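The structure file query33.csv is reproduced below (CSV, C-alpha atoms).
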chain,number,residue,atom,x,y,z
A,5,MET,CA,193.9,-64.7,-15.4
A,6,GLN,CA,193.6,-66.9,-18.5
A,7,MET,CA,197.4,-67.3,-18.7
A,8,ILE,CA,197.6,-68.1,-15.0
A,9,SER,CA,194.9,-70.7,-15.3
A,10,LYS,CA,196.7,-72.3,-18.3
A,11,ASN,CA,200.0,-72.4,-16.4
A,12,LEU,CA,198.3,-74.0,-13.4
A,13,SER,CA,196.7,-76.6,-15.7
A,14,VAL,CA,200.1,-77.4,-17.2
A,15,LEU,CA,201.7,-77.7,-13.8
A,16,ALA,CA,198.9,-80.0,-12.6
A,17,GLY,CA,199.5,-82.2,-15.6
A,18,LEU,CA,203.2,-82.4,-14.9
A,19,LEU,CA,202.6,-83.3,-11.3
A,20,LEU,CA,200.2,-86.0,-12.3
A,21,ALA,CA,202.8,-87.4,-14.8
A,22,THR,CA,205.5,-87.3,-12.1
A,23,ALA,CA,203.2,-89.1,-9.7
A,24,GLY,CA,202.4,-91.7,-12.3
A,25,ALA,CA,206.1,-92.2,-13.1
A,26,LYS,CA,206.9,-92.7,-9.4
A,27,ALA,CA,204.0,-95.1,-9.0
A,28,GLN,CA,205.3,-97.2,-11.9
A,29,SER,CA,208.8,-97.8,-10.5
A,30,VAL,CA,210.6,-100.9,-9.3
A,31,SER,CA,211.5,-101.7,-5.7
A,32,LYS,CA,214.4,-103.7,-4.4
A,33,VAL,CA,213.5,-106.8,-2.5
A,34,ASN,CA,215.8,-106.5,0.4
A,35,ASP,CA,215.0,-109.8,2.0
A,36,PHE,CA,215.7,-111.9,-1.1
A,37,ASN,CA,218.8,-113.8,-0.1
A,38,ALA,CA,218.4,-117.2,-1.9
A,39,GLY,CA,221.5,-116.6,-3.9
A,40,PRO,CA,223.7,-118.4,-4.8
A,41,THR,CA,225.2,-115.3,-6.5
A,42,GLY,CA,224.8,-111.7,-5.4
A,43,LEU,CA,222.3,-110.4,-7.9
A,44,GLY,CA,219.9,-107.8,-6.8
A,45,MET,CA,216.1,-108.5,-7.1
A,46,TYR,CA,213.9,-105.6,-8.2
A,47,VAL,CA,210.2,-106.0,-8.7
A,48,TYR,CA,207.1,-104.1,-9.8
A,49,VAL,CA,203.8,-105.4,-8.5
A,50,PRO,CA,200.8,-103.3,-9.6
A,51,ASP,CA,198.2,-102.3,-7.0
A,52,GLY,CA,195.1,-104.4,-7.0
A,53,ILE,CA,196.6,-107.2,-9.1
A,54,SER,CA,194.6,-110.5,-9.3
A,55,THR,CA,196.6,-113.4,-8.0
A,56,PRO,CA,198.0,-115.8,-8.8
A,57,ALA,CA,199.4,-113.5,-11.5
A,58,PRO,CA,201.8,-114.1,-14.4
A,59,VAL,CA,205.4,-113.4,-13.8
A,60,ILE,CA,207.8,-111.8,-16.4
A,61,VAL,CA,211.5,-111.7,-15.7
A,62,ALA,CA,213.3,-109.0,-17.8
A,63,VAL,CA,217.1,-109.2,-17.9
A,64,HIS,CA,219.1,-106.1,-18.7
A,65,HIS,CA,222.1,-105.7,-21.0
A,66,CYS,CA,225.8,-105.0,-20.1
A,67,GLN,CA,226.3,-101.5,-18.7
A,68,GLY,CA,222.7,-101.6,-17.7
A,69,SER,CA,220.7,-101.9,-14.5
A,70,ALA,CA,217.5,-103.3,-13.2
A,71,GLU,CA,216.0,-99.9,-12.7
A,72,GLY,CA,217.1,-98.6,-16.1
A,73,TYR,CA,215.8,-101.7,-17.9
A,74,SER,CA,212.5,-101.5,-16.1
A,75,TYR,CA,211.8,-98.4,-18.3
A,76,GLU,CA,213.7,-99.6,-21.4
A,77,SER,CA,211.7,-102.8,-21.5
A,78,GLY,CA,208.4,-100.9,-21.7
A,79,LEU,CA,206.8,-103.4,-19.4
A,80,LEU,CA,205.8,-101.1,-16.5
A,81,PRO,CA,202.8,-99.4,-18.1
A,82,TYR,CA,201.4,-102.8,-19.1
A,83,ALA,CA,201.8,-104.5,-15.8
A,84,GLY,CA,198.7,-103.0,-14.3
A,85,GLN,CA,196.7,-103.2,-17.6
A,86,ARG,CA,197.4,-106.8,-18.2
A,87,GLY,CA,197.9,-107.9,-14.6
A,88,PHE,CA,201.4,-109.3,-14.3
A,89,ILE,CA,204.4,-109.1,-11.9
A,90,ALA,CA,207.7,-108.0,-13.3
A,91,ILE,CA,211.1,-109.1,-11.9
A,92,PHE,CA,214.2,-107.2,-12.9
A,93,PRO,CA,217.5,-108.9,-11.9
A,94,ASN,CA,220.4,-106.6,-11.3
A,95,SER,CA,223.9,-107.7,-12.3
A,96,LYS,CA,226.6,-107.8,-9.6
A,97,SER,CA,229.4,-107.2,-12.0
A,98,GLY,CA,231.2,-103.9,-12.5
A,99,GLY,CA,230.3,-103.8,-16.2
A,100,GLY,CA,226.7,-104.9,-15.6
A,101,CYS,CA,226.9,-108.2,-17.6
A,102,PHE,CA,225.5,-111.5,-16.4
A,103,ASP,CA,227.5,-114.7,-16.3
A,104,VAL,CA,226.7,-117.0,-19.2
A,105,ALA,CA,230.2,-118.4,-19.6
A,106,SER,CA,230.5,-120.8,-16.5
A,107,THR,CA,229.4,-124.3,-16.2
A,108,GLU,CA,227.6,-123.3,-13.0
A,109,SER,CA,225.4,-120.7,-14.8
A,110,LEU,CA,224.7,-122.9,-17.8
A,111,SER,CA,223.6,-125.9,-15.7
A,112,HIS,CA,220.3,-126.5,-13.9
A,113,ASP,CA,220.8,-125.7,-10.2
A,114,GLY,CA,224.5,-125.4,-10.9
A,115,GLY,CA,225.1,-122.4,-8.6
A,116,GLY,CA,225.4,-119.5,-11.1
A,117,ASP,CA,223.5,-116.4,-12.0
A,118,SER,CA,220.8,-118.4,-13.7
A,119,GLN,CA,220.0,-120.3,-10.5
A,120,THR,CA,219.8,-116.9,-8.6
A,121,ILE,CA,217.2,-115.7,-11.1
A,122,ALA,CA,215.3,-118.9,-10.9
A,123,ASN,CA,215.2,-118.4,-7.1
A,124,MET,CA,213.8,-114.9,-7.7
A,125,VAL,CA,210.9,-116.5,-9.5
A,126,GLN,CA,210.3,-118.9,-6.6
A,127,TYR,CA,210.4,-115.9,-4.2
A,128,ALA,CA,207.7,-114.2,-6.3
A,129,ILE,CA,205.5,-117.3,-6.3
A,130,ASP,CA,205.9,-117.8,-2.6
A,131,ASN,CA,205.6,-114.1,-1.5
A,132,LEU,CA,204.2,-111.9,-4.2
A,133,GLY,CA,201.3,-113.9,-5.6
A,134,GLY,CA,203.1,-115.2,-8.7
A,135,ASP,CA,201.6,-118.0,-10.8
A,136,ALA,CA,204.1,-120.9,-11.2
A,137,ASP,CA,202.3,-122.0,-14.4
A,138,ARG,CA,202.7,-118.6,-16.1
A,139,VAL,CA,206.4,-117.5,-15.9
A,140,PHE,CA,208.2,-115.9,-18.8
A,141,VAL,CA,211.5,-114.3,-19.5
A,142,THR,CA,212.9,-111.6,-21.9
A,143,GLY,CA,216.1,-109.7,-22.2
A,144,SER,CA,218.4,-107.7,-24.5
A,145,SER,CA,222.1,-108.5,-25.3
A,146,SER,CA,223.6,-109.9,-22.1
A,147,GLY,CA,220.1,-110.2,-20.9
A,148,ALA,CA,219.1,-112.1,-24.1
A,149,MET,CA,222.0,-114.5,-23.6
A,150,MET,CA,220.8,-115.1,-20.0
A,151,SER,CA,217.2,-115.5,-21.2
A,152,ASN,CA,218.4,-118.2,-23.5
A,153,VAL,CA,220.3,-119.9,-20.7
A,154,LEU,CA,217.3,-119.7,-18.5
A,155,VAL,CA,214.9,-121.4,-20.9
A,156,GLY,CA,217.6,-124.1,-21.5
A,157,ALA,CA,218.5,-124.8,-17.9
A,158,TYR,CA,215.1,-124.2,-16.3
A,159,PRO,CA,212.5,-125.4,-18.8
A,160,ASP,CA,210.5,-126.5,-15.7
A,161,VAL,CA,210.2,-122.9,-14.6
A,162,PHE,CA,209.7,-120.8,-17.7
A,163,LYS,CA,206.9,-121.3,-20.2
A,164,ALA,CA,208.1,-118.9,-22.9
A,165,GLY,CA,210.8,-116.4,-23.7
A,166,SER,CA,211.6,-113.5,-26.1
A,167,ILE,CA,215.3,-112.8,-26.7
A,168,TYR,CA,216.6,-109.7,-28.3
A,169,SER,CA,220.0,-109.9,-30.0
A,170,GLY,CA,221.6,-112.8,-28.1
A,171,VAL,CA,223.6,-116.0,-28.9
A,172,PRO,CA,222.8,-119.7,-28.7
A,173,ASP,CA,222.5,-121.3,-25.3
A,174,GLY,CA,226.1,-122.3,-24.2
A,175,CYS,CA,227.8,-120.5,-27.0
A,176,PHE,CA,229.6,-118.2,-24.5
A,177,TYR,CA,231.0,-121.1,-22.5
A,178,ILE,CA,234.7,-120.6,-21.5
A,179,PRO,CA,236.5,-123.4,-19.8
A,180,GLY,CA,237.5,-122.4,-16.3
A,181,SER,CA,235.2,-119.4,-16.1
A,182,THR,CA,233.5,-119.0,-12.7
A,183,PRO,CA,230.2,-117.4,-11.7
A,184,THR,CA,231.9,-115.0,-9.3
A,185,GLN,CA,234.6,-113.5,-11.5
A,186,ASP,CA,234.3,-109.9,-12.4
A,187,PRO,CA,233.8,-109.2,-15.3
A,188,PRO,CA,232.1,-112.4,-16.3
A,189,GLY,CA,233.7,-114.5,-19.1
A,190,TRP,CA,233.5,-113.1,-22.6
A,191,ASN,CA,233.8,-115.4,-25.6
A,192,ASN,CA,235.0,-113.4,-28.6
A,193,ASP,CA,234.6,-116.2,-31.1
A,194,CYS,CA,230.9,-116.5,-30.2
A,195,ALA,CA,230.3,-112.8,-30.0
A,196,ASN,CA,231.8,-112.4,-33.5
A,197,GLY,CA,229.6,-115.1,-34.9
A,198,GLN,CA,232.5,-117.5,-35.5
A,199,VAL,CA,231.0,-120.5,-33.6
A,200,SER,CA,229.0,-122.8,-35.9
A,201,LYS,CA,227.6,-126.2,-35.0
A,202,SER,CA,225.1,-128.6,-36.4
A,203,ALA,CA,221.5,-128.4,-35.2
A,204,GLU,CA,222.0,-131.6,-33.3
A,205,GLU,CA,225.2,-130.5,-31.7
A,206,TRP,CA,223.5,-127.3,-30.4
A,207,GLY,CA,220.5,-129.2,-29.3
A,208,ASP,CA,222.6,-131.7,-27.4
A,209,MET,CA,224.3,-128.8,-25.6
A,210,THR,CA,221.0,-127.5,-24.3
A,211,ARG,CA,219.8,-130.9,-23.3
A,212,SER,CA,223.0,-131.6,-21.4
A,213,TYR,CA,222.4,-128.6,-19.1
A,214,TYR,CA,219.4,-130.4,-17.5
A,215,PRO,CA,220.2,-134.1,-17.7
A,216,GLY,CA,217.2,-136.4,-17.4
A,217,TYR,CA,214.6,-133.6,-18.1
A,218,ASN,CA,211.8,-135.1,-20.2
A,219,GLY,CA,209.1,-132.4,-19.8
A,220,SER,CA,207.9,-129.8,-22.3
A,221,TRP,CA,210.2,-127.0,-23.4
A,222,PRO,CA,209.4,-123.3,-23.3
A,223,ARG,CA,208.2,-121.5,-26.4
A,224,LEU,CA,210.6,-119.0,-27.9
A,225,GLN,CA,210.8,-115.8,-29.9
A,226,VAL,CA,214.2,-114.9,-31.3
A,227,TRP,CA,215.0,-111.3,-32.6
A,228,HIS,CA,218.3,-110.3,-34.3
A,229,GLY,CA,219.5,-107.4,-36.5
A,230,THR,CA,221.5,-108.1,-39.7
A,231,ILE,CA,224.1,-105.4,-39.0
A,232,ASP,CA,224.7,-106.3,-35.3
A,233,THR,CA,228.4,-105.8,-34.6
A,234,THR,CA,228.4,-106.6,-30.9
A,235,LEU,CA,226.8,-110.1,-31.0
A,236,ALA,CA,227.1,-110.8,-34.7
A,237,TYR,CA,224.2,-111.8,-37.0
A,238,PRO,CA,225.3,-115.4,-37.6
A,239,ASN,CA,224.3,-116.1,-34.0
A,240,TYR,CA,220.7,-115.8,-35.1
A,241,ALA,CA,220.9,-118.7,-37.5
A,242,GLU,CA,222.8,-120.8,-34.9
A,243,THR,CA,220.1,-120.0,-32.3
A,244,MET,CA,217.3,-121.1,-34.6
A,245,LYS,CA,219.2,-124.3,-35.5
A,246,GLN,CA,219.6,-125.0,-31.8
A,247,TRP,CA,216.0,-124.6,-30.7
A,248,SER,CA,214.4,-126.2,-33.8
A,249,ASN,CA,216.4,-129.3,-32.9
A,250,VAL,CA,215.4,-129.2,-29.2
A,251,TYR,CA,211.8,-128.9,-30.3
A,252,GLY,CA,212.2,-131.4,-33.2
A,253,LEU,CA,210.6,-128.9,-35.6
A,254,SER,CA,211.2,-127.7,-39.1
A,255,GLN,CA,210.4,-124.4,-40.7
A,256,THR,CA,206.8,-124.1,-41.8
A,257,ALA,CA,206.4,-120.4,-42.9
A,258,GLU,CA,208.3,-117.3,-43.8
A,259,ASN,CA,206.7,-113.9,-44.0
A,260,GLU,CA,208.5,-110.7,-45.2
A,261,ASN,CA,207.9,-107.3,-43.8
A,262,THR,CA,206.4,-108.8,-40.6
A,263,PRO,CA,205.7,-107.3,-38.0
A,264,GLU,CA,207.1,-104.3,-39.8
A,265,GLY,CA,209.1,-103.3,-42.9
A,266,GLY,CA,212.5,-105.0,-43.2
A,267,TYR,CA,211.7,-107.7,-40.7
A,268,THR,CA,211.4,-111.3,-41.9
A,269,GLN,CA,209.4,-113.7,-39.7
A,270,THR,CA,210.1,-117.4,-39.6
A,271,ILE,CA,207.8,-119.9,-38.0
A,272,TYR,CA,208.6,-123.4,-36.9
A,273,GLY,CA,206.0,-126.1,-36.3
A,274,GLU,CA,202.3,-125.6,-36.0
A,275,GLY,CA,200.5,-122.4,-35.2
A,276,ASP,CA,200.9,-118.8,-36.1
A,277,TYR,CA,203.3,-116.1,-34.8
A,278,LEU,CA,201.5,-116.0,-31.4
A,279,THR,CA,201.0,-119.7,-30.8
A,280,ALA,CA,203.9,-121.5,-32.6
A,281,GLN,CA,206.7,-123.1,-30.5
A,282,LEU,CA,209.5,-121.2,-32.2
A,283,VAL,CA,209.3,-117.8,-34.1
A,284,GLY,CA,212.3,-115.9,-35.4
A,285,TYR,CA,212.6,-112.3,-36.6
A,286,SER,CA,215.5,-111.2,-38.7
A,287,ALA,CA,215.6,-107.4,-38.8
A,288,ALA,CA,217.3,-106.0,-41.9
A,289,ASN,CA,219.7,-103.1,-41.3
A,290,VAL,CA,219.1,-103.1,-37.6
A,291,GLY,CA,222.1,-103.1,-35.2
A,292,HIS,CA,222.5,-104.0,-31.6
A,293,THR,CA,220.0,-104.4,-30.2
A,294,VAL,CA,216.7,-105.0,-31.9
A,295,PRO,CA,214.1,-102.6,-30.4
A,296,ILE,CA,211.8,-104.3,-27.9
A,297,HIS,CA,208.3,-105.2,-29.3
A,298,VAL,CA,206.6,-105.3,-25.9
A,299,GLU,CA,203.0,-105.7,-27.0
A,300,GLN,CA,204.0,-108.6,-29.3
A,301,ASP,CA,205.9,-110.2,-26.5
A,302,LEU,CA,203.0,-110.0,-24.2
A,303,ASP,CA,200.7,-111.4,-26.8
A,304,PHE,CA,203.1,-114.3,-27.5
A,305,PHE,CA,203.2,-115.0,-23.7
A,306,GLY,CA,199.4,-115.0,-23.7
A,307,ILE,CA,199.1,-112.2,-21.2
Target format structure tokens, applied to this file:
Amino acid sequence: MQMISKNLSVLAGLLLATAGAKAQSVSKVNDFNAGPTGLGMYVYVPDGISTPAPVIVAVHHCQGSAEGYSYESGLLPYAGQRGFIAIFPNSKSGGGCFDVASTESLSHDGGGDSQTIANMVQYAIDNLGGDADRVFVTGSSSGAMMSNVLVGAYPDVFKAGSIYSGVPDGCFYIPGSTPTQDPPGWNNDCANGQVSKSAEEWGDMTRSYYPGYNGSWPRLQVWHGTIDTTLAYPNYAETMKQWSNVYGLSQTAENENTPEGGYTQTIYGEGDYLTAQLVGYSAANVGHTVPIHVEQDLDFFGI
């Protein structure tokens, strides 16, 4: 009897765990049709959430999916605890990458994947109880590149971002690339870390993607591994040059072994690692991609 009781207890625990996993899963928004590209919109809206609620957009890597990244990101267990809505765009391309190579995607309301994702945010604000003043973005690899594009082209939509192993905004541009080609354009020079510009040149690129914008720019965390062979490590320094110029800030602090051994934290401007405008993390002997630090991201977003 004791063994039967123990087995029943284990079975009950497994059933509860399965139910919890099912409860924390994304749903496709079938009536999202704002386009202009054919990305799928998947969301997780916790039961009983207080609205208007913060919105986090989490963008997956190549060969990934919205559903897969919903678990990889680590966001789902925190959505109910901290009270936010999560949006997971799903790439339309065969390889699962997002377009960050076309003029359309790089530009504000230009008609590319970035505009489709911005439209997902508006859908969440209009229909799901999202808070327009608390919208954030994060992503890994191709998703990090898209996150960088989004904070550059839509600074009026996003308040902060956290990018894992990406490249500078606009670095992947390829003349003639289109937002509908499959697969999206791939810039080998940029991926290999062979594109270097001055801070002002990078900053001018970002500013050019939303001409006339004179509002505030989103805060940003940048993570990159020193032995990344997919989107090479020099892209980290180029990204930091770019955004320090956009913000008009210089480095004010550098802390080794932060937030863990082998990571070097660099802060630009006033504030600490949670409040500064720009914070970088160089991860020694880490490849592609840097592991997601979900609690730190949420703290940086103020959620």
Practice item. Would you kindly return, as a ChimeraX atom specification, each protein, DNA or RNA residue with an atom no farther than 9 Å from any atom of Lys32 of chain A, considering all atoms listed in the file and excluding same-chain residues fewer than 4 positions away? Key: /A:36,44-47
**Study point:** Surrounding residues of Arg86 of chain A excluding itself and chain neighbours under 3 positions, 12 Å, all atoms listed in the file, as an NGL selection string
**Key:** :A and (49-50 or 52-54 or 57-60 or 79-83 or 89-90 or 299 or 302-303 or 305-307)
**Study point:** Selected residue of minimal separation from Glu76 of chain A among A:Ile121, A:Ala241, A:Ala62, A:Ala136, counting only C-alpha atoms
**Key:**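 Distance minimum relative to Glu76 of chain A lands on A:Ala62.
The residue that comes closest to Val125 of chain A, out of A:Asn259, A:Phe162, A:Gly273, A:Glu264 and on the basis of all atoms listed in the file, is A:Phe162.
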Exercise for review: Write out as a list in words each polymer residue whose atoms come within 8 Å of Val63 of chain A, counting all atoms listed in the file; drop sequence neighbours fewer than 5 positions from it.
Suggested key: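 Near neighbours after the sequence-gap exclusion: Ala70, Tyr73, Phe92, Pro93, Asn94, Val141, Thr142, Gly143, Ser144, Ser146, Gly147, Ala148, Met150 and Ser151 of chain A.
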Review point. Suppose you want the space between atom CA of Ser69 of chain A and atom CA of Pro187 of chain A; what is it in Å?
Key: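 Atom-to-atom, atom CA of Ser69 of chain A and atom CA of Pro187 of chain A are spaced 15.0 Å apart.
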Practice item. Using atom CA of Pro172 of chain A and atom CA of Glu242 of chain A as the two end points, give the distance in Å to one decimal. Key: 6.3 Å
Practice item. Return the single residue from A:Thr270, A:Asn34, A:Asn249, A:Ser145 that is closest to Asp232 of chain A, with distances computed using all atoms listed in the file. Key: A:Ser145
Practice item. For atom CA of Gly229 of chain A and atom CA of Ile178 of chain A, quote the distance in Å rounded to one decimal. Key: 25.1 Å
Practice item. Would you please work out which residue, of A:Val290, A:Ile296, A:Ser248, A:Ala38, is nearest to Ala128 of chain A when using only C-alpha atoms? Key: A:Ala38
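Excluding Gln198 of chain A and any residue on its chain fewer than 6 positions from it, the residues at most 12 Å away by only C-alpha atoms are Val171, Cys175, Phe176, Asn191, Asn192, Leu235, Ala236, Tyr237, Pro238, Asn239, Tyr240, Ala241 and Glu242 of chain A.
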Any chance you could export the current selection's C-alpha atoms as a compact mmCIF listing (two decimals), in the coordinates of the input?
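Below is the file that was written, selection_12.txt:
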# COMPACT_ATOMS: atom_id res chain seq x y z
CA VAL A 171 223.60 -116.00 -28.90
CA CYS A 175 227.80 -120.50 -27.00
CA PHE A 176 229.60 -118.20 -24.50
CA ASN A 191 233.80 -115.40 -25.60
CA ASN A 192 235.00 -113.40 -28.60
CA LEU A 235 226.80 -110.10 -31.00
CA ALA A 236 227.10 -110.80 -34.70
CA TYR A 237 224.20 -111.80 -37.00
CA PRO A 238 225.30 -115.40 -37.60
CA ASN A 239 224.30 -116.10 -34.00
CA TYR A 240 220.70 -115.80 -35.10
CA ALA A 241 220.90 -118.70 -37.50
CA GLU A 242 222.80 -120.80 -34.90
Check your understanding: From the set A:Ser97, A:Ile231, A:Gly165, A:Tyr214, which residue has the shortest atom-to-atom contact distance to Asn196 of chain A, counting only C-alpha atoms?
Key ->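 The shortest atom-to-atom distance to Asn196 of chain A comes from A:Ile231.
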Point to revise | Contacts of Thr41 of chain A within 12 Å, all atoms listed in the file, excl. fewer than 3 positions in-chain, as a PyMOL selection string | key: chain A and resi 36-38+44-45+93-97+102-103+108-109+113-124+182-185
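Across A:Val153, A:Tyr177, A:Ser212, A:Phe140, the tightest approach to Asp193 of chain A is made by A:Tyr177 when counting all atoms listed in the file.
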Per-residue nearest contacts of segment 99-171 of chain A to segment 221-226 of chain A (8 Å; only C-alpha atoms) as a Markdown table:
| residue | atom | partner | partner_atom | distance |
| --- | --- | --- | --- | --- |
| A:Val155 | CA | A:Pro222 | CA | 6.3 |
| A:Pro159 | CA | A:Trp221 | CA | 5.4 |
| A:Asp160 | CA | A:Trp221 | CA | 7.7 |
| A:Phe162 | CA | A:Pro222 | CA | 6.1 |
| A:Lys163 | CA | A:Pro222 | CA | 4.5 |
| A:Ala164 | CA | A:Arg223 | CA | 4.4 |
| A:Gly165 | CA | A:Leu224 | CA | 4.9 |
| A:Ser166 | CA | A:Gln225 | CA | 4.5 |
| A:Ile167 | CA | A:Val226 | CA | 5.2 |
| A:Tyr168 | CA | A:Val226 | CA | 6.5 |
| A:Ser169 | CA | A:Val226 | CA | 7.8 |
